[in-house]
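Engineer: Got a structure for you, protein-v4.txt, holding compact mmCIF, C-alpha atoms.
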```txt
# COMPACT_ATOMS: atom_id res chain seq x y z
CA MET Z 22 54.60 74.23 58.27
CA PRO Z 23 58.42 73.93 58.61
CA SER Z 24 60.56 73.76 55.48
CA VAL Z 25 63.21 71.14 54.78
CA LEU Z 26 66.00 70.83 52.24
CA THR Z 27 67.13 67.37 51.13
CA LEU Z 28 70.47 66.70 49.43
CA SER Z 29 70.65 63.41 47.51
CA LEU Z 30 73.96 62.25 46.05
CA LEU Z 31 73.90 61.98 42.25
CA ALA Z 32 77.59 61.29 41.67
CA ALA Z 33 80.97 61.40 43.39
CA SER Z 34 84.47 61.99 42.06
CA ALA Z 35 86.59 58.98 41.13
CA GLN Z 36 88.61 59.07 44.36
CA SER Z 37 85.47 59.45 46.52
CA SER Z 38 83.31 56.74 47.99
CA SER Z 39 80.30 55.70 45.91
CA GLN Z 40 78.07 55.09 48.93
CA ARG Z 41 74.51 56.39 48.92
CA ILE Z 42 74.19 59.76 50.66
CA ARG Z 43 70.94 61.52 51.50
CA TYR Z 44 70.66 64.22 54.15
CA VAL Z 45 67.76 66.41 55.30
CA PHE Z 46 68.44 69.93 56.59
CA HIS Z 47 65.79 71.68 58.65
CA GLU Z 48 65.37 75.43 59.06
CA LYS Z 49 68.26 75.64 61.54
CA GLY Z 50 70.62 74.84 58.63
CA GLY Z 51 73.95 73.11 59.01
CA VAL Z 52 77.46 72.48 57.74
CA ILE Z 53 78.77 70.09 55.06
CA GLY Z 54 82.33 68.84 55.03
CA TYR Z 55 84.85 66.37 56.42
CA GLY Z 56 84.98 65.68 60.14
CA SER Z 57 82.65 65.02 63.03
CA SER Z 58 81.79 68.70 63.57
CA CYS Z 59 79.81 68.74 60.29
CA ASN Z 60 76.12 67.88 60.03
CA LEU Z 61 76.60 66.15 56.66
CA VAL Z 62 79.94 64.35 56.82
CA LEU Z 63 81.29 63.49 53.37
CA PRO Z 64 83.26 60.24 53.01
CA SER Z 65 86.95 60.91 52.59
CA PRO Z 66 90.29 59.07 52.58
CA PRO Z 67 91.75 58.60 56.09
CA GLU Z 68 94.45 61.26 55.59
CA THR Z 69 91.92 64.03 54.78
CA PRO Z 70 91.98 66.68 57.54
CA PRO Z 71 88.65 67.88 59.01
CA ALA Z 72 87.22 70.80 57.02
CA GLU Z 73 83.97 72.73 56.73
CA LEU Z 74 83.24 73.10 53.01
CA ALA Z 75 79.73 74.59 52.81
CA GLU Z 76 77.03 76.01 55.02
CA ILE Z 77 73.27 75.67 54.51
CA LYS Z 78 71.26 78.61 55.88
CA PHE Z 79 67.54 79.33 56.08
CA GLU Z 80 66.69 83.04 55.87
CA GLN Z 81 63.60 84.93 54.70
CA SER Z 82 61.72 81.67 54.00
CA ARG Z 83 64.46 80.30 51.68
CA PHE Z 84 67.43 77.99 51.89
CA TYR Z 85 70.85 79.29 50.84
CA VAL Z 86 74.28 77.73 50.38
CA LEU Z 87 77.54 79.47 51.20
CA GLY Z 88 80.96 78.04 50.31
CA LYS Z 89 83.33 78.11 53.27
CA ARG Z 90 86.43 77.71 51.06
CA PRO Z 91 87.25 79.15 47.64
CA ASP Z 92 86.73 76.91 44.58
CA CYS Z 93 84.83 74.27 46.53
CA VAL Z 94 81.07 74.86 46.02
CA TYR Z 95 79.27 75.34 42.69
CA LEU Z 96 75.54 75.71 42.05
CA ASN Z 97 73.87 74.58 38.81
CA GLU Z 98 77.26 74.50 37.10
CA MET Z 99 77.62 78.28 37.33
CA GLN Z 100 80.87 79.68 36.00
CA GLY Z 101 82.18 80.81 39.36
CA PRO Z 102 82.16 79.19 42.77
CA VAL Z 103 79.68 80.11 45.51
CA HIS Z 104 81.97 81.58 48.12
CA GLU Z 105 81.54 85.04 49.59
CA LEU Z 106 77.79 85.56 49.02
CA PRO Z 107 75.09 82.99 49.83
CA ALA Z 108 73.27 81.58 46.77
CA PRO Z 109 69.57 80.64 46.95
CA LEU Z 110 68.72 76.94 46.57
CA LYS Z 111 65.65 75.84 44.63
CA ASP Z 112 63.92 72.52 44.20
CA GLY Z 113 65.76 70.70 41.39
CA SER Z 114 69.03 72.63 41.73
CA VAL Z 115 72.32 70.74 41.44
CA LEU Z 116 74.97 71.43 44.05
CA LEU Z 117 78.62 70.42 43.49
CA ILE Z 118 80.68 70.27 46.68
CA HIS Z 119 84.30 69.15 46.43
CA GLY Z 120 83.63 66.46 43.81
CA TYR Z 121 80.23 65.40 45.17
CA ARG Z 122 77.20 66.21 43.00
CA PHE Z 123 73.89 66.57 44.90
CA LYS Z 124 70.31 67.04 43.77
CA VAL Z 125 68.45 69.63 45.87
CA SER Z 126 64.86 69.03 46.98
CA VAL Z 127 63.06 71.78 48.89
CA GLY Z 128 59.71 71.23 50.49
CA GLN Z 129 57.71 71.21 53.64
CA VAL Z 130 57.90 68.45 56.21
CA GLU Z 131 54.37 67.10 55.73
CA LYS Z 132 54.42 67.41 51.93
CA GLN Z 133 57.79 65.70 51.62
CA ALA Z 134 56.74 62.75 53.83
CA THR Z 135 53.54 62.32 51.78
CA ASN Z 136 55.56 62.31 48.53
CA GLN Z 137 57.98 59.75 49.95
CA VAL Z 138 55.07 57.45 50.79
CA ALA Z 139 53.55 57.95 47.31
CA ASN Z 140 56.91 57.22 45.64
CA GLY Z 141 57.48 54.10 47.71
CA LEU Z 142 60.46 55.51 49.62
CA ILE Z 143 58.65 55.02 52.92
CA LYS Z 144 56.78 51.74 53.33
CA LEU Z 145 53.70 51.74 55.53
CA GLN Z 146 52.14 48.91 57.46
CA LYS Z 147 48.37 49.32 57.50
CA ARG Z 148 46.47 48.27 60.61
CA GLU Z 149 42.83 48.16 61.53
CA ILE Z 150 40.83 46.92 64.48
CA CYS Z 151 37.15 46.58 65.17
CA GLN Z 152 35.88 47.32 68.65
CA PRO Z 153 32.59 48.39 70.21
CA CYS Z 154 31.92 52.09 70.67
CA PRO Z 155 32.24 52.95 74.39
CA ILE Z 156 29.10 55.14 74.20
CA ASN Z 157 26.51 53.02 72.39
CA GLY Z 158 28.21 49.66 71.75
CA THR Z 159 28.01 49.77 67.95
CA PRO Z 160 31.06 48.33 66.15
CA MET Z 161 33.77 50.87 65.21
CA ILE Z 162 36.57 50.23 62.74
CA LEU Z 163 39.78 52.08 63.55
CA LYS Z 164 42.38 52.32 60.75
CA TRP Z 165 45.93 53.70 60.81
CA SER Z 166 49.31 53.31 59.10
CA LEU Z 167 52.75 52.94 60.67
CA PRO Z 168 56.15 53.28 58.98
CA LEU Z 169 57.97 49.96 58.62
```
Would it be possible to restate this file's structure as structure tokens?
Structural biologist:
Amino acid sequence: MPSVLTLSLLAASAQSSSQRIRYVFHEKGGVIGYGSSCNLVLPSPPETPPAELAEIKFEQSRFYVLGKRPDCVYLNEMQGPVHELPAPLKDGSVLLIHGYRFKVSVGQVEKQATNQVANGLIKLQKREICQPCPINGTPMILKWSLPL
């Protein structure tokens, strides 16, 4: 089952936007920063030049973060920045990227979707129909759920 990493915004610096940010990275990883070339584009003032700040990688069945600039990425409020060596990300870790504080959730695609349904993050519309069995004509009830 494929793994996913979800970053959910906990807080932003005073000069940053307070909009809700949530991004899911799959095993191919991605880049976080300012500008359209990034997978997760952070809100920034108009005069901010495009910049890649961090990279998410998936290697040896784990997600890692690597800072692309010095003094920009911190993990779990470590003393030093994550810059030259990738740091492993765990479920519940806190990632600080250029004034944005993210909660890290690591899981598998199916498990994470099930948890989102259980926690009410994904609403389902339940459907059912009754129709005769094509073989013997006895009534069959078919049930399924669709995301709203």
Engineer: From the options Z:Cys93, Z:Tyr55, Z:Val45, Z:Val115, which residue's atoms come nearest to Pro67 in chain Z, counting all atoms listed in the file?
Structural biologist: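 Smallest distance to Pro67 in chain Z is found for Z:Tyr55.
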Engineer: List as a list in words: which residues have an atom within 10 Å of (67.4, 67.9, 54.5), counting only C-alpha atoms?
Structural biologist: Ser24, Val25, Leu26, Thr27, Leu28, Ser29, Arg43, Tyr44, Val45, Phe46, His47, Glu48, Gly50, Gly51, Leu61, Ile77, Val125, Ser126, Val127, Gly128 and Val130 of chain Z
Engineer: Compare Z:Asn97, Z:His119, Z:Pro109, Z:Gly56 by their minimum atom-to-atom distance to Ala75 in chain Z, counting only C-alpha atoms, and give me the closest one.
Structural biologist: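 With only C-alpha atoms as the atom set, the closest residue is Z:His119.
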Engineer: Work out how far CA of Val52 in chain Z is from CA of Glu73 in chain Z, in Å to one decimal.
Structural biologist: 6.6 Å
Engineer: Have a look at CA of Arg41 in chain Z and CA of Val86 in chain Z and let me know their distance in Å, one decimal.
Structural biologist: 21.4 Å
Engineer: For each of Z:Gln100, Z:Thr69, Z:Gln81, Z:Gln129, take the minimum atom-to-atom distance to Asp112 in chain Z, counting all atoms listed in the file, then give the residue where this is smallest.
Structural biologist: Z:Gln129
Engineer: Mind pulling up the distance from CA of Tyr121 in chain Z to CA of Asp92 in chain Z?
Structural biologist: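 One can read the CA of Asp92 in chain Z to CA of Tyr121 in chain Z distance as 13.2 Å.
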Engineer: Rank nothing, just name the residue among Z:Ile42, Z:His104, Z:Gly88, Z:Ile53 nearest to Pro71 in chain Z, using all atoms listed in the file.
Structural biologist: Z:Ile53
Engineer: Using only C-alpha atoms, which of the listed residues (Z:Ser82, Z:Ser65, Z:Ser114, Z:Asn60) sits closest to Pro23 in chain Z?
Structural biologist: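 Checking each candidate against Pro23 in chain Z, we get Z:Ser82 as the closest.
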Engineer: Near Leu74 in chain Z, counting all atoms listed in the file, which residues have an atom at most 6 Å away, once you skip same-chain residues fewer than 4 positions from it, shown as a PyMOL selection string?
Structural biologist: chain Z and resi 53-54+89-90
